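**Q** Have a look at the structure that comes next, please.
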Amino acid sequence: MKKIGSGMITNVEAKLILQATDRRNKDVDETIELGHEQKVTLDYLRNVAKVNKSDIEEGKKKLTELGVLKEHQIIMLLNLLPKNKDEIDVIFQKERTTLTKDQIEKILEIVKKVG
């Protein structure tokens, strides 16, 4: 498998990429398979990433529009889908970003629509 780019992606996006690669390999040549690590990752993502891609993209757009979050923070929020303020506090515990109560409420509102 060759590297086509690098950047941060959500669990849902990773699952879709691995599923497409697995299907494409089966269509082209049955002797080509996903590697062990890729199979384990795909199995894990099938259990964890239950949200659809359009909801993730909408959530990513809305969280970006808030203007206070960095890309890795947005990805983390969309992967973990926190349900309350305490979970957001844990996610941002080691971050330099300080969120106001209003910002946390907006984040929770957006994440709730995604998950």
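Ligands are numbered from 1 in the order shown, residues from 1 within each chain, and chains are lettered A, B, ... in the order they appear in the structure tokens.
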If you count only C-alpha atoms, which residues fall within 12 Å of Gln19 in chain A, apart from same-chain ones fewer than 2 positions away, as a PyMOL selection string?

**A** chain A and resi 12-17+21-26+33-34+38-39+41-43+45-46

**Q** Would you mind reading off the distance between CA of Gly115 in chain A and CA of Val90 in chain A, one decimal, in Å?

**A**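 So the two atoms, CA of Gly115 in chain A and CA of Val90 in chain A, lie 18.6 Å apart.
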
**Q** One decimal, Å: what's the distance from CA of Leu63 in chain A over to CA of Lys106 in chain A, could you say?

**A** 8.7 Å

**Q** Find the residues around range 94-102 of chain A up to 10 Å (only C-alpha atoms counted), leave out those fewer than 5 positions away in its own chain, and share them as an MDAnalysis selection string.

**A** chainID A and resid 68:70 73 85 88:89 107:108

**Q** Take the residues just selected and output them with C-alpha atoms as a compact mmCIF listing (two decimals), in the first residue's frame.

**A**
# COMPACT_ATOMS: atom_id res chain seq x y z
CA VAL A 68 -11.45 28.57 18.87
CA LEU A 69 -10.56 24.95 18.13
CA LYS A 70 -7.53 23.51 16.35
CA GLN A 73 -9.10 19.16 18.87
CA LYS A 85 -18.90 19.30 30.31
CA ILE A 88 -14.87 18.02 27.44
CA ASP A 89 -12.78 19.13 30.42
CA ILE A 107 -19.56 22.32 21.39
CA LEU A 108 -21.89 19.97 23.28

**Q** Neighbouring residues of Lys61 in chain A were defined as those with any atom within 12 Å, considering only C-alpha atoms; residues of the same chain fewer than 3 positions away were excluded. Please report them as a list in words.

**A**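 Listing them by chain and then by number gives Ser54, Asp55, Ile56, Glu57, Glu58, Thr64, Glu65, Leu66, Gly67, Leu69, Glu71, Ile74, Ile75, Leu78, Ile107, Ile110, Val111 and Val114 of chain A.
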
**Q** Can those selected residues be exported to a file as an mmCIF file, in the first residue's frame so that it contains C-alpha atoms?

**A**
data_model
loop_
_atom_site.group_PDB
_atom_site.id
_atom_site.type_symbol
_atom_site.label_atom_id
_atom_site.label_comp_id
_atom_site.auth_asym_id
_atom_site.auth_seq_id
_atom_site.Cartn_x
_atom_site.Cartn_y
_atom_site.Cartn_z
ATOM 1 C CA SER A 54 -22.214 13.461 6.360
ATOM 2 C CA ASP A 55 -22.867 14.024 10.074
ATOM 3 C CA ILE A 56 -19.110 14.065 10.750
ATOM 4 C CA GLU A 57 -18.501 16.564 7.929
ATOM 5 C CA GLU A 58 -21.292 18.821 9.190
ATOM 6 C CA THR A 64 -14.407 24.966 12.742
ATOM 7 C CA GLU A 65 -16.786 27.930 12.507
ATOM 8 C CA LEU A 66 -16.536 28.432 16.269
ATOM 9 C CA GLY A 67 -13.017 29.718 15.590
ATOM 10 C CA LEU A 69 -10.560 24.948 18.126
ATOM 11 C CA GLU A 71 -7.847 20.697 13.828
ATOM 12 C CA ILE A 74 -11.982 18.969 16.397
ATOM 13 C CA ILE A 75 -10.945 15.459 15.333
ATOM 14 C CA LEU A 78 -15.679 14.013 16.747
ATOM 15 C CA ILE A 107 -19.560 22.318 21.393
ATOM 16 C CA ILE A 110 -22.878 20.408 17.900
ATOM 17 C CA VAL A 111 -21.489 17.069 19.096
ATOM 18 C CA VAL A 114 -23.412 14.444 15.257
#
